Structure formats: structure tokens, C-alpha cells
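target_25.txt (compact mmCIF, C-alpha atoms and all ligand atoms) appears below.
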# COMPACT_ATOMS: atom_id res chain seq x y z
CA MET T 13 -43.13 -76.90 -103.45
CA ALA T 14 -42.31 -80.52 -102.65
CA LYS T 15 -43.19 -81.55 -99.13
CA LYS T 16 -40.12 -82.51 -97.12
CA GLN T 17 -40.15 -86.15 -96.04
CA PRO T 18 -39.58 -86.43 -92.27
CA ALA T 19 -36.65 -88.64 -91.33
CA ASN T 20 -37.71 -92.11 -90.24
CA PRO T 21 -37.54 -91.86 -86.42
CA ILE T 22 -36.71 -95.54 -85.95
CA ALA T 23 -34.05 -95.69 -88.64
CA ASN T 24 -30.69 -96.89 -87.38
CA SER T 25 -28.16 -94.16 -86.59
CA ALA T 26 -25.25 -96.61 -86.38
CA GLY T 27 -24.62 -100.31 -86.80
CA ASN T 28 -26.24 -103.12 -84.83
CA GLY T 29 -29.49 -101.42 -83.88
CA LEU T 30 -28.49 -98.03 -82.48
CA LEU T 31 -31.45 -95.71 -83.11
CA ASP T 32 -31.63 -91.94 -83.48
CA ARG T 33 -31.12 -90.15 -80.15
CA ARG T 34 -34.05 -87.82 -81.02
CA LEU T 35 -36.41 -90.79 -81.33
CA PHE T 36 -38.76 -89.65 -78.58
CA LEU T 37 -38.86 -86.05 -79.79
CA THR T 38 -39.93 -87.24 -83.22
CA GLY T 39 -42.81 -89.37 -81.99
CA GLY T 40 -41.32 -92.79 -82.61
CA LEU T 41 -42.14 -94.18 -79.17
CA ALA T 42 -45.47 -95.83 -80.00
CA SER T 43 -43.96 -97.77 -82.90
CA LEU T 44 -41.51 -99.55 -80.56
CA GLY T 45 -44.15 -101.51 -78.62
CA ILE T 46 -42.52 -101.02 -75.21
CA ALA T 47 -45.66 -101.95 -73.23
CA LEU T 48 -44.83 -105.63 -72.90
CA SER T 49 -47.82 -106.54 -70.70
CA PRO T 50 -50.94 -105.25 -72.43
CA VAL T 51 -54.05 -105.13 -70.29
CA VAL T 52 -56.10 -108.27 -71.02
CA ASN T 53 -59.09 -107.90 -68.72
CA ALA T 54 -59.83 -104.21 -69.16
CA SER T 55 -62.77 -104.05 -66.73
CA GLU T 56 -60.62 -105.04 -63.76
CA SER T 57 -57.04 -104.08 -64.51
CA THR T 58 -57.50 -100.57 -65.87
CA THR T 59 -59.71 -99.49 -62.98
CA ASN T 60 -57.70 -101.21 -60.22
CA ARG T 61 -60.88 -102.40 -58.49
CA ALA T 62 -59.13 -105.30 -56.74
CA ARG T 63 -58.12 -104.17 -53.25
CA LYS T 64 -54.47 -104.90 -52.61
CA PRO T 65 -53.29 -105.73 -49.04
CA TRP T 66 -51.83 -102.21 -48.60
CA MET T 67 -55.24 -100.70 -49.40
CA GLN T 68 -57.09 -102.52 -46.63
CA SER T 69 -55.74 -100.70 -43.54
CA PRO T 70 -53.84 -97.44 -42.89
CA GLY T 71 -50.11 -97.46 -43.54
CA ARG T 72 -47.37 -96.64 -41.07
CA ALA T 73 -47.05 -93.32 -39.26
CA LEU T 74 -45.09 -90.20 -40.19
CA GLY T 75 -41.32 -90.46 -39.76
CA ASP T 76 -38.52 -88.24 -38.45
CA TYR T 77 -35.79 -88.91 -41.05
CA GLY T 78 -36.91 -90.65 -44.24
CA GLN T 79 -35.38 -93.88 -45.47
CA PRO T 80 -35.61 -95.70 -48.82
CA SER T 81 -38.31 -98.33 -49.33
CA GLN T 82 -37.51 -101.64 -47.64
CA HIS T 83 -37.83 -103.17 -51.13
CA GLU T 84 -34.73 -101.20 -52.21
CA ALA T 85 -32.53 -102.68 -49.48
CA ALA T 86 -30.21 -104.21 -52.08
CA VAL T 87 -29.18 -100.76 -53.35
CA VAL T 88 -26.15 -100.18 -51.16
CA ARG T 89 -22.53 -99.15 -51.49
CA GLU T 90 -20.52 -102.01 -52.91
CA GLY T 91 -16.97 -103.29 -53.13
CA ARG T 92 -16.16 -102.24 -49.58
CA THR T 93 -12.51 -102.98 -48.99
CA SER T 94 -10.66 -102.26 -45.76
CA GLN T 95 -6.92 -102.17 -45.65
CA VAL T 96 -5.28 -104.97 -43.69
CA GLY T 97 -5.12 -104.29 -39.97
CA THR T 98 -7.61 -101.42 -40.03
CA LEU T 99 -11.34 -101.11 -39.64
CA GLY T 100 -12.02 -97.71 -41.11
CA SER T 101 -9.43 -97.35 -43.87
CA GLY T 102 -10.29 -98.28 -47.43
CA ALA T 103 -13.00 -97.54 -49.96
CA SER T 104 -16.62 -98.22 -50.87
CA ARG T 105 -18.32 -97.51 -54.18
CA THR T 106 -21.49 -95.93 -55.53
CA PRO T 107 -23.81 -98.53 -57.18
CA LEU T 108 -23.98 -96.52 -60.43
CA GLN T 109 -26.04 -99.18 -62.22
CA ASP T 110 -28.90 -98.84 -59.69
CA LEU T 111 -29.20 -95.04 -59.89
CA GLN T 112 -30.61 -92.52 -62.36
CA GLY T 113 -30.15 -88.83 -63.03
CA THR T 114 -26.88 -87.21 -62.01
CA ILE T 115 -27.05 -86.51 -58.25
CA THR T 116 -25.77 -89.29 -55.97
CA PRO T 117 -27.90 -89.82 -52.85
CA SER T 118 -25.71 -88.69 -49.93
CA GLY T 119 -25.92 -92.12 -48.28
CA LEU T 120 -24.56 -93.76 -51.46
CA HIS T 121 -21.67 -91.35 -52.13
CA PHE T 122 -18.44 -93.33 -52.43
CA GLU T 123 -16.12 -93.37 -49.43
CA ARG T 124 -12.35 -93.32 -49.18
CA HIS T 125 -10.81 -93.00 -45.73
CA HIS T 126 -7.22 -93.23 -44.57
CA SER T 127 -7.89 -93.71 -40.87
CA GLY T 128 -11.62 -94.17 -40.39
CA ILE T 129 -14.41 -91.61 -39.90
CA PRO T 130 -13.78 -89.25 -36.97
CA ASP T 131 -16.69 -88.13 -34.80
CA ILE T 132 -16.12 -84.37 -34.62
CA HIS T 133 -18.19 -82.15 -32.36
CA PRO T 134 -19.11 -79.13 -34.50
CA GLU T 135 -18.57 -76.67 -31.66
CA GLN T 136 -15.04 -77.92 -31.09
CA LEU T 137 -13.86 -77.65 -34.68
CA GLN T 138 -11.42 -74.83 -35.39
CA LEU T 139 -10.14 -74.16 -38.87
CA SER T 140 -6.84 -72.27 -38.92
CA VAL T 141 -5.40 -70.30 -41.84
CA GLN T 142 -1.69 -69.83 -41.23
CA GLY T 143 1.78 -69.84 -42.78
CA LEU T 144 2.73 -67.19 -45.35
CA VAL T 145 -0.11 -64.82 -44.44
CA LYS T 146 -0.14 -61.32 -43.00
CA GLN T 147 -2.62 -62.27 -40.29
CA PRO T 148 -3.13 -65.91 -39.18
CA LEU T 149 -6.84 -66.59 -38.58
CA LYS T 150 -8.96 -69.14 -36.75
CA PHE T 151 -12.56 -69.91 -37.62
CA SER T 152 -15.24 -71.74 -35.72
CA LEU T 153 -18.03 -73.41 -37.68
CA ASN T 154 -20.33 -70.53 -36.71
CA ASP T 155 -17.77 -68.04 -38.06
CA LEU T 156 -17.70 -69.87 -41.40
CA ALA T 157 -21.49 -70.04 -41.64
CA ARG T 158 -21.69 -66.21 -41.45
CA TYR T 159 -19.85 -65.77 -44.77
CA PRO T 160 -21.87 -65.55 -48.00
CA LEU T 161 -22.54 -69.13 -49.12
CA THR T 162 -22.52 -70.47 -52.66
CA THR T 163 -24.10 -73.65 -54.08
CA LYS T 164 -22.60 -75.69 -56.95
CA THR T 165 -22.99 -79.20 -58.33
CA TYR T 166 -19.71 -81.07 -58.82
CA PHE T 167 -18.55 -84.64 -59.23
CA LEU T 168 -15.89 -86.12 -56.98
CA GLU T 169 -13.77 -88.97 -58.30
CA CYS T 170 -11.03 -90.92 -56.55
CA SER T 171 -8.01 -90.94 -58.85
CA GLY T 172 -7.79 -94.73 -58.36
CA ASN T 173 -11.28 -95.14 -59.87
CA SER T 174 -11.58 -97.78 -62.64
CA ALA T 175 -7.97 -98.94 -62.12
CA VAL T 176 -9.22 -102.55 -61.92
CA ASN T 177 -9.48 -102.36 -65.73
CA LEU T 178 -5.66 -102.15 -65.89
CA GLY T 179 -5.55 -105.78 -64.72
CA PRO T 180 -4.58 -108.55 -67.17
CA ASN T 181 -8.12 -109.99 -67.24
CA PRO T 182 -11.44 -108.12 -67.19
CA ALA T 183 -12.91 -108.26 -63.68
CA LEU T 184 -16.48 -109.58 -63.74
CA LEU T 185 -17.91 -106.71 -61.71
CA THR T 186 -20.86 -104.32 -61.93
CA CYS T 187 -20.50 -100.82 -63.34
CA GLY T 188 -20.32 -99.48 -59.76
CA GLY T 189 -17.79 -102.16 -58.81
CA ILE T 190 -15.48 -100.86 -61.54
CA HIS T 191 -16.31 -97.14 -61.80
CA GLY T 192 -18.17 -96.39 -58.54
CA LEU T 193 -15.44 -94.22 -57.02
CA VAL T 194 -17.23 -91.31 -58.67
CA SER T 195 -20.28 -89.53 -57.25
CA ALA T 196 -21.88 -86.10 -57.64
CA SER T 197 -23.55 -83.78 -55.15
CA GLU T 198 -24.87 -80.29 -54.79
CA TRP T 199 -22.33 -78.68 -52.44
CA THR T 200 -22.92 -75.49 -50.45
CA GLY T 201 -20.16 -73.62 -48.67
CA VAL T 202 -17.74 -70.69 -48.49
CA PRO T 203 -15.23 -69.95 -51.28
CA VAL T 204 -11.71 -70.53 -49.88
CA SER T 205 -10.64 -67.24 -51.52
CA TYR T 206 -12.72 -65.29 -48.95
CA LEU T 207 -10.64 -66.62 -46.06
CA LEU T 208 -7.31 -66.29 -47.89
CA ASP T 209 -8.11 -62.69 -48.88
CA GLU T 210 -8.94 -61.90 -45.28
CA ALA T 211 -5.72 -63.46 -43.98
CA GLY T 212 -3.68 -61.61 -46.64
CA ILE T 213 -1.42 -63.78 -48.81
CA ASP T 214 2.34 -63.18 -48.75
CA SER T 215 3.86 -62.58 -52.20
CA LYS T 216 6.14 -65.67 -51.78
CA ALA T 217 3.14 -68.00 -51.38
CA LYS T 218 2.55 -70.62 -54.11
CA TRP T 219 0.88 -73.55 -52.31
CA VAL T 220 -1.66 -74.24 -49.60
CA VAL T 221 -1.31 -77.43 -47.55
CA ALA T 222 -4.73 -78.68 -46.48
CA GLU T 223 -4.86 -81.02 -43.48
CA GLY T 224 -7.73 -83.10 -42.11
CA ALA T 225 -8.54 -83.70 -38.43
CA ASP T 226 -8.79 -87.47 -38.81
CA ALA T 227 -6.33 -89.76 -37.02
CA ALA T 228 -4.19 -89.93 -40.20
CA ARG T 229 -4.02 -86.11 -40.46
CA MET T 230 -4.43 -86.74 -44.17
CA ASN T 231 -2.96 -83.77 -46.04
CA ARG T 232 -2.32 -82.58 -49.57
CA SER T 233 -0.54 -79.60 -51.15
CA ILE T 234 -2.80 -77.55 -53.43
CA PRO T 235 -1.65 -74.87 -55.90
CA LEU T 236 -2.59 -71.43 -54.53
CA ASP T 237 -4.17 -70.51 -57.90
CA LYS T 238 -6.69 -73.34 -57.54
CA MET T 239 -7.53 -72.26 -54.00
CA LEU T 240 -8.19 -68.72 -55.22
CA ASP T 241 -10.16 -69.93 -58.25
CA ASP T 242 -13.06 -72.29 -57.42
CA ALA T 243 -12.09 -74.08 -54.17
CA LEU T 244 -14.96 -74.39 -51.72
CA LEU T 245 -15.18 -75.03 -47.98
CA ALA T 246 -18.22 -77.29 -48.16
CA LEU T 247 -20.62 -77.29 -45.20
CA TYR T 248 -23.69 -78.80 -46.87
CA GLN T 249 -24.19 -81.72 -49.27
CA ASN T 250 -27.50 -82.06 -51.15
CA GLY T 251 -29.09 -79.48 -48.86
CA GLU T 252 -28.17 -80.97 -45.48
CA ARG T 253 -25.03 -80.79 -43.37
CA LEU T 254 -22.21 -82.99 -44.66
CA ARG T 255 -22.41 -86.67 -43.75
CA PRO T 256 -19.63 -87.72 -41.31
CA GLU T 257 -18.07 -89.89 -44.03
CA GLN T 258 -17.96 -86.84 -46.32
CA GLY T 259 -16.00 -84.70 -43.88
CA TYR T 260 -18.48 -83.34 -41.33
CA PRO T 261 -18.49 -80.55 -40.35
CA VAL T 262 -16.31 -78.99 -43.11
CA ARG T 263 -14.37 -80.34 -46.08
CA LEU T 264 -12.36 -78.87 -48.89
CA LEU T 265 -14.00 -79.30 -52.29
CA LEU T 266 -11.75 -78.89 -55.35
CA PRO T 267 -13.86 -79.12 -58.54
CA GLY T 268 -12.39 -81.48 -61.18
CA TYR T 269 -9.37 -82.46 -59.04
CA GLU T 270 -8.66 -86.03 -57.90
CA GLY T 271 -10.84 -86.75 -54.86
CA ASN T 272 -7.96 -87.21 -52.44
CA THR T 273 -7.19 -83.47 -52.60
CA SER T 274 -10.69 -82.53 -51.38
CA VAL T 275 -9.51 -83.01 -47.80
CA LYS T 276 -12.25 -84.01 -45.37
CA TRP T 277 -12.67 -82.95 -41.71
CA LEU T 278 -10.57 -79.90 -42.64
CA HIS T 279 -8.87 -78.11 -39.73
CA ARG T 280 -5.77 -76.44 -41.17
CA LEU T 281 -4.78 -74.47 -44.27
CA GLU T 282 -1.05 -73.71 -44.30
CA VAL T 283 0.00 -71.20 -46.96
CA SER T 284 3.54 -71.96 -48.16
CA ALA T 285 6.15 -71.40 -50.85
CA GLN T 286 6.74 -75.14 -51.40
CA PRO T 287 4.54 -78.24 -51.40
CA ALA T 288 4.70 -80.33 -48.22
CA MET T 289 5.90 -83.47 -50.13
CA SER T 290 3.72 -85.52 -47.80
CA ARG T 291 3.04 -89.25 -47.99
CA GLN T 292 -0.10 -88.89 -50.09
CA GLU T 293 1.69 -86.89 -52.81
CA THR T 294 4.98 -88.80 -52.93
CA SER T 295 4.49 -92.52 -52.23
CA LYS T 296 0.80 -92.39 -53.26
CA TYR T 297 -1.29 -90.48 -55.81
CA THR T 298 1.54 -90.20 -58.33
CA ASP T 299 1.39 -91.51 -61.91
CA LEU T 300 3.91 -94.08 -63.10
CA ASN T 301 5.09 -93.50 -66.66
CA LEU T 302 6.44 -96.08 -69.12
CA ASP T 303 10.05 -95.02 -68.42
CA GLY T 304 9.65 -95.83 -64.72
CA ARG T 305 9.50 -92.20 -63.61
CA ALA T 306 6.51 -90.96 -61.64
CA GLU T 307 4.63 -87.72 -62.22
CA MET T 308 3.59 -85.80 -59.12
CA PHE T 309 0.77 -83.30 -58.65
CA THR T 310 -1.43 -84.58 -61.48
CA PHE T 311 -4.68 -83.13 -60.29
CA GLU T 312 -7.38 -82.94 -62.96
CA MET T 313 -9.45 -86.06 -63.68
CA GLY T 314 -9.50 -86.78 -67.43
CA VAL T 315 -12.61 -87.03 -69.58
CA LYS T 316 -14.45 -90.31 -69.03
CA SER T 317 -17.76 -92.10 -69.51
CA ALA T 318 -19.37 -95.44 -68.74
CA ILE T 319 -22.65 -97.04 -69.76
CA THR T 320 -24.53 -97.72 -66.51
CA SER T 321 -27.45 -99.56 -68.18
CA PRO T 322 -27.23 -102.13 -69.57
CA SER T 323 -24.00 -102.96 -67.74
CA GLY T 324 -21.95 -105.68 -66.07
CA ASN T 325 -23.80 -108.47 -64.23
CA GLN T 326 -27.19 -107.19 -65.40
CA GLN T 327 -29.42 -109.32 -67.62
CA LEU T 328 -31.32 -108.45 -70.79
CA THR T 329 -34.70 -110.19 -70.91
CA GLY T 330 -34.84 -110.82 -74.66
CA LYS T 331 -34.36 -109.09 -77.97
CA GLY T 332 -36.15 -105.81 -78.58
CA TYR T 333 -36.01 -102.19 -77.54
CA TYR T 334 -33.69 -100.93 -74.76
CA GLU T 335 -32.46 -97.53 -73.67
CA ILE T 336 -28.68 -97.35 -73.33
CA SER T 337 -27.85 -94.84 -70.58
CA GLY T 338 -24.73 -93.76 -68.77
CA LEU T 339 -22.65 -91.02 -67.19
CA ALA T 340 -19.90 -88.81 -68.57
CA TRP T 341 -17.66 -86.28 -66.83
CA SER T 342 -14.40 -84.35 -67.08
CA GLY T 343 -12.24 -82.52 -64.56
CA TYR T 344 -11.32 -80.01 -67.28
CA GLY T 345 -14.82 -78.66 -67.96
CA PRO T 346 -18.22 -79.54 -69.41
CA VAL T 347 -18.73 -82.73 -71.42
CA ARG T 348 -19.18 -81.81 -75.10
CA LYS T 349 -20.12 -85.11 -76.71
CA VAL T 350 -20.77 -88.79 -75.98
CA ASP T 351 -20.86 -91.44 -78.71
CA VAL T 352 -22.12 -94.98 -78.26
CA SER T 353 -21.25 -98.12 -80.24
CA ALA T 354 -23.19 -101.40 -80.30
CA ASP T 355 -20.70 -103.23 -82.50
CA GLY T 356 -17.51 -103.12 -80.47
CA GLY T 357 -16.38 -99.74 -81.80
CA LYS T 358 -16.80 -100.27 -85.56
CA THR T 359 -19.59 -97.68 -85.87
CA TRP T 360 -20.71 -94.91 -83.49
CA ALA T 361 -23.80 -92.77 -82.94
CA ALA T 362 -24.13 -89.55 -80.93
CA ALA T 363 -26.03 -89.99 -77.65
CA GLN T 364 -28.49 -87.45 -76.26
CA LEU T 365 -26.92 -85.40 -73.43
CA GLU T 366 -29.39 -84.40 -70.72
CA GLU T 367 -29.35 -80.73 -69.79
CA PRO T 368 -28.17 -78.81 -67.94
CA ILE T 369 -24.64 -79.86 -68.90
CA LEU T 370 -22.69 -78.53 -65.91
CA ASP T 371 -19.00 -77.73 -65.55
CA LYS T 372 -17.07 -80.50 -63.71
CA SER T 373 -20.23 -82.41 -62.97
CA LEU T 374 -21.84 -85.66 -64.12
CA THR T 375 -23.76 -85.59 -67.41
CA ARG T 376 -26.39 -88.24 -68.16
CA PHE T 377 -26.46 -89.59 -71.73
CA ARG T 378 -29.09 -91.75 -73.42
CA ILE T 379 -29.65 -93.44 -76.77
CA PRO T 380 -32.35 -95.89 -77.88
CA TRP T 381 -31.25 -99.30 -79.12
CA HIS T 382 -32.89 -102.31 -80.70
CA TRP T 383 -31.13 -105.52 -79.72
CA ASP T 384 -31.50 -108.30 -82.29
CA GLY T 385 -30.63 -111.01 -79.75
CA THR T 386 -27.15 -111.80 -81.04
CA PRO T 387 -23.93 -111.32 -79.00
CA CYS T 388 -22.49 -107.81 -79.26
CA THR T 389 -20.29 -105.29 -77.43
CA LEU T 390 -21.45 -101.88 -76.14
CA LEU T 391 -19.02 -98.99 -75.70
CA SER T 392 -19.24 -95.27 -74.89
CA ARG T 393 -16.70 -92.54 -75.52
CA ALA T 394 -16.86 -88.98 -74.16
CA ALA T 395 -15.11 -85.78 -75.20
CA ASP T 396 -14.62 -82.42 -73.51
CA ALA T 397 -13.39 -79.26 -75.24
CA GLN T 398 -9.78 -80.52 -75.42
CA ASN T 399 -9.68 -84.30 -75.19
CA HIS T 400 -11.31 -87.55 -76.28
CA GLN T 401 -11.61 -90.53 -73.99
CA PRO T 402 -9.00 -93.08 -75.15
CA THR T 403 -9.58 -96.73 -75.97
CA ARG T 404 -8.01 -99.15 -73.50
CA ALA T 405 -5.36 -100.03 -76.11
CA GLN T 406 -4.49 -96.34 -76.64
CA TYR T 407 -4.31 -95.75 -72.88
CA THR T 408 -2.08 -98.73 -72.11
CA LYS T 409 0.17 -97.99 -75.09
CA ALA T 410 0.80 -94.49 -73.74
CA LYS T 411 0.89 -95.30 -70.02
CA GLY T 412 1.49 -99.04 -69.65
CA THR T 413 -0.41 -101.20 -67.18
CA SER T 414 1.74 -100.75 -64.05
CA GLY T 415 0.19 -97.46 -62.98
CA PHE T 416 -2.90 -97.05 -60.86
CA TYR T 417 -4.22 -93.48 -60.94
CA HIS T 418 -6.14 -91.51 -63.58
CA TYR T 419 -7.25 -94.49 -65.68
CA ASN T 420 -9.95 -93.10 -68.00
CA ALA T 421 -10.19 -95.50 -70.96
CA MET T 422 -13.47 -96.63 -72.54
CA GLN T 423 -15.57 -99.31 -70.84
CA ALA T 424 -16.81 -102.20 -72.99
CA TRP T 425 -19.74 -104.45 -71.98
CA ARG T 426 -20.15 -107.80 -73.74
CA ILE T 427 -23.74 -108.95 -74.21
CA GLU T 428 -24.12 -112.70 -74.70
CA ALA T 429 -26.92 -114.42 -76.63
CA ASP T 430 -28.67 -115.29 -73.35
CA GLY T 431 -28.73 -111.59 -72.34
CA GLY T 432 -25.97 -111.93 -69.75
CA ILE T 433 -23.58 -108.95 -69.60
CA HIS T 434 -19.95 -108.80 -68.51
CA ASN T 435 -16.86 -106.60 -68.56
CA VAL T 436 -14.63 -107.18 -71.60
CA TYR T 437 -11.50 -105.63 -73.11
CA VAL T 438 -11.65 -104.64 -76.78
CO CO T 501 -3.09 -87.48 -59.79

Whole structure, C-alpha cells version:
Amino acid sequence: MAKKQPANPIANSAGNGLLDRRLFLTGGLASLGIALSPVVNASESTTNRARKPWMQSPGRALGDYGQPSQHEAAVVREGRTSQVGTLGSGASRTPLQDLQGTITPSGLHFERHHSGIPDIHPEQLQLSVQGLVKQPLKFSLNDLARYPLTTKTYFLECSGNSAVNLGPNPALLTCGGIHGLVSASEWTGVPVSYLLDEAGIDSKAKWVVAEGADAARMNRSIPLDKMLDDALLALYQNGERLRPEQGYPVRLLLPGYEGNTSVKWLHRLEVSAQPAMSRQETSKYTDLNLDGRAEMFTFEMGVKSAITSPSGNQQLTGKGYYEISGLAWSGYGPVRKVDVSADGGKTWAAAQLEEPILDKSLTRFRIPWHWDGTPCTLLSRAADAQNHQPTRAQYTKAKGTSGFYHYNAMQAWRIEADGGIHNVYV
């Protein structure tokens, strides 16, 4: 029997140096020569005999609440924009290009506030369930914490995320500066269905209006079916109580829906037959179509991906091996596939998706790449069970460029001969 030849692990899987995503599984790592600084003086360097300053006296004492290394002080939320005349209204973005894995550190979760961050005393919060119910109910935080809790990992994305790429010229921003209104956390809380079941829903009910206890009383109308399906009253984020900017002490969490509907600082759920037609669902958070009409109540965030490394405003240090890595997500369900192109979309190769691939959560993708040092354009495209991420041309042909919400077209990064990287439209 003829022996089967193993596939060459460093053979290209698509044009312009994209390698096989299974490269590391097939033992191709050593052949890449990634160790760029080989040890020259083995007797000293490999044994670390030289005593560094931090080895010559004891380090600092134990701490109460841990903080990142002082050498990581540049990794902060970016693109903070406050609306004119306000201090606390506006948005800040997750620095996606500085992070790895799929969970966003709580202190780097994006922010979007409509009237600043209220300081709510947990013992004074009361959540009411009222309207078309048999028995209106009021819950203290302690009441809520006595229900069975559930823990799930979900992304949250502002529906205005990435809209800067609708502009006439590509903004020369980082990946986080363009796409950083998406973050993911492990959320723990009480299913909303428990409270609605207990209150008893009237047969005429179709909507639930959720209202926050901030100064804007930010509110949105949510379909009752969603509230009974997977809506969560989140009390904990990444294992600790919610951060104030994430809705402390309790927020609504609607998996896959535009972030604005996951109302923070929640204090009222009003069950109703009609939507409230409030400011945030009429003058804002609607989608302008080509014919000038606006669609309301477009909730799910479409399938999307972006390469986080290498990405905008980063710098390649010379030709050779790189790992291309990024994030993909969909409000409709798990990500099924991510392809990457290194030649501006002419040829594509399947990226490795890191498991577990969770429903309505961020998925990390990776693919090895050998850059030959010439200018090129990197792209990623994701698909869920129903839809493929559109090109920018496909998106703008269908929707125009005057809208703002739910922009989910592919991100292209141009790499110049000097290794500089910037946003580009293809
Ligand atoms: Co929408």
C-alpha cells in the first residue's frame, strides 16, 4: 500500500501568503523561524544569571483590588466623545486591537450613556413590573438575588458601531476606534421570564417597555416574545457586580439585540399592548432605507467580523510570518465560518475558529500568514447559519450611505511597503 504523503503544512491556502489554518496542529511551527532573537551567549542568557533591578529587593505589598501593570497604561477606552453641552452623554470604545481572547475586561467594556452614569444606592433600587399584568410586583435587589441565577456569555454591540465606515473617506482609526462599540462579558442574573410569569401576563400584552433610572429615563419597547425567551436581568458581569457604567445594580441584557435595548439601571418593566414610540425608537435607532423611509424596531445585530491584528495604525516590523487574528459575531446565532483574504478579496482561505463557539457571543479567529513585504489588503468575512457579511459595496448599494445603524460590511486594512497599516475601502 502506498504511503499517503502528508500535506505540506506551510503550503499556501490562498493567494499572497495565507497559510493553512491547521499549520500548528500539523507541526509546521518550527519551520517558520519565529524566534527572531536567538540566544547568542548561552551561558548567561539561558540561565538568567544576571540580576535584574526587580530581583534585588522585595516587590510591593499585597493589594485590595488588582489593577493592570503600570506598563499597560496605554490600553484604555478610546474615541471618547461627549455630546455638546453634556459631560456624561456619549460613547467610548473597547481597544479591540490591544486585547486577546473573547472576554472584554469589565473596565474596558464600551460605554454609551444618554445622561451620564447615575450613582444608585443598591438598597434604594426598586424594580417594578406593571401594566398588563394580573398582579403588579416590586422587587428590591435582595428580592432579585433570591431567584435562581443563570450565567451566559454574550456580546453587546451598539447599533451605531462601525458607522464611521459609511463616511465618504476611510477614517484613519484603530480597529477599536472603528469597531470598538462591541464588547463581550460573562453575565449572571435572573431570566426576565421568571418575573413576568410571577406577575401573570394579560392576554392582550405584546410589548414590554423597559425604563432606566438615569436622568434621561432612557427607555425602549421590547417584544414580549424576546422577554420570555432569553432576556436576562443582569446583576453580575465577569463574576463581580455590574460596573456603574454597565447599569449597576441591575440592567436588562437582550442577547443579539442592538445594545441600546439592553436598558441599564433598570427600574421599570411596563407590559403593554403597543410599543411606547419613545424618542430612542422613533427619532433615533431607526434604519434609513434608500427610498427615504425608516425602519423601526430592527433589533438583531447582523453577522460581522473584523481583523484586530494586524489592524489600523499598527506597524508590521518587516516581511515574514504573522498571525492574522480577529473577532466575529452575529445577533442571529453562532458564527459558522470566517474567511480571510490577503489580496483585497481576490482569493480567500478559511480561518481557524477558536472553541467554544458560543451563541450570540464573540468568536476569535486566527490564520497564519507570510507577508512578502509588498503592499497588500487584508479582509475578513464572517457567516452565520443564514447570512454572509456583505462587502462595503454590497452594503451601500442595498442601504445607501445616509443611514447610521446596523452597518456590518467587511473591514479592509491596507498594508504599505513600510509596514504601516490603515483603513481602506475596497
Ligand atoms: Co436597529

Neighbour list for Pro203 in chain T as a PyMOL selection string, cut-off 8 Å, only C-alpha atoms, skip fewer than 6 positions in-chain: chain T and resi 161-162+242-245

Write out as a compact mmCIF listing (two decimals) with C-alpha atoms, keeping the file's coordinate frame each polymer residue (protein, DNA or RNA) that has an atom no more than 9 Å from ligand CO 501 (chain T), with only C-alpha atoms and all ligand atoms counted.
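Once written, selection.txt looks like this:
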# COMPACT_ATOMS: atom_id res chain seq x y z
CA SER T 171 -8.01 -90.94 -58.85
CA GLY T 172 -7.79 -94.73 -58.36
CA TYR T 269 -9.37 -82.46 -59.04
CA GLU T 270 -8.66 -86.03 -57.90
CA ASN T 272 -7.96 -87.21 -52.44
CA GLU T 293 1.69 -86.89 -52.81
CA TYR T 297 -1.29 -90.48 -55.81
CA THR T 298 1.54 -90.20 -58.33
CA ASP T 299 1.39 -91.51 -61.91
CA GLU T 307 4.63 -87.72 -62.22
CA MET T 308 3.59 -85.80 -59.12
CA PHE T 309 0.77 -83.30 -58.65
CA THR T 310 -1.43 -84.58 -61.48
CA PHE T 311 -4.68 -83.13 -60.29
CA GLU T 312 -7.38 -82.94 -62.96
CA MET T 313 -9.45 -86.06 -63.68
CA TYR T 417 -4.22 -93.48 -60.94
CA HIS T 418 -6.14 -91.51 -63.58

Pairwise distance for CA of Gly432 in chain T and CA of Ser323 in chain T, rounded to one decimal in Å: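 For CA of Gly432 in chain T relative to CA of Ser323 in chain T, the distance reads 9.4 Å.
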
CA of Val347 in chain T to CA of Leu370 in chain T, straight-line distance in Å: 8.0 Å

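For the pair CA of Asp110 in chain T and CA of Gln82 in chain T, the separation is 15.1 Å.
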
Nearest residue to Ala217 in chain T from the set T:Gly259, T:Gly415, T:Pro287, T:Gly97 (distances using all atoms listed in the file):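 Residue with the minimum atom-to-atom distance to Ala217 in chain T: T:Pro287.
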
Residue with smallest distance to Tyr333 in chain T - pool T:Val141, T:Leu168, T:Ala397, T:Leu31, counting all atoms listed in the file: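 Among the listed residues, T:Leu31 lies closest to Tyr333 in chain T.
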
Contacts of Lys409 in chain T within 12 Å, only C-alpha atoms, excl. fewer than 6 positions in-chain, as a ChimeraX atom specification: /T:178,301-302,402-403,421

Within 9 Å of Gly345 in chain T using only C-alpha atoms, minus same-chain residues under 2 positions, as a list in words: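 In the requested format, the answer is Gly268, Val315, Trp341, Ser342, Gly343, Val347, Arg348, Leu370, Asp371, Lys372, Ser373, Asp396 and Ala397 of chain T.
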
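Of the residues listed (T:Ala362, T:Leu236, T:Ile433, T:Leu74), T:Ala362 shows the shortest atom-to-atom separation from Arg34 in chain T; distances use all atoms listed in the file.
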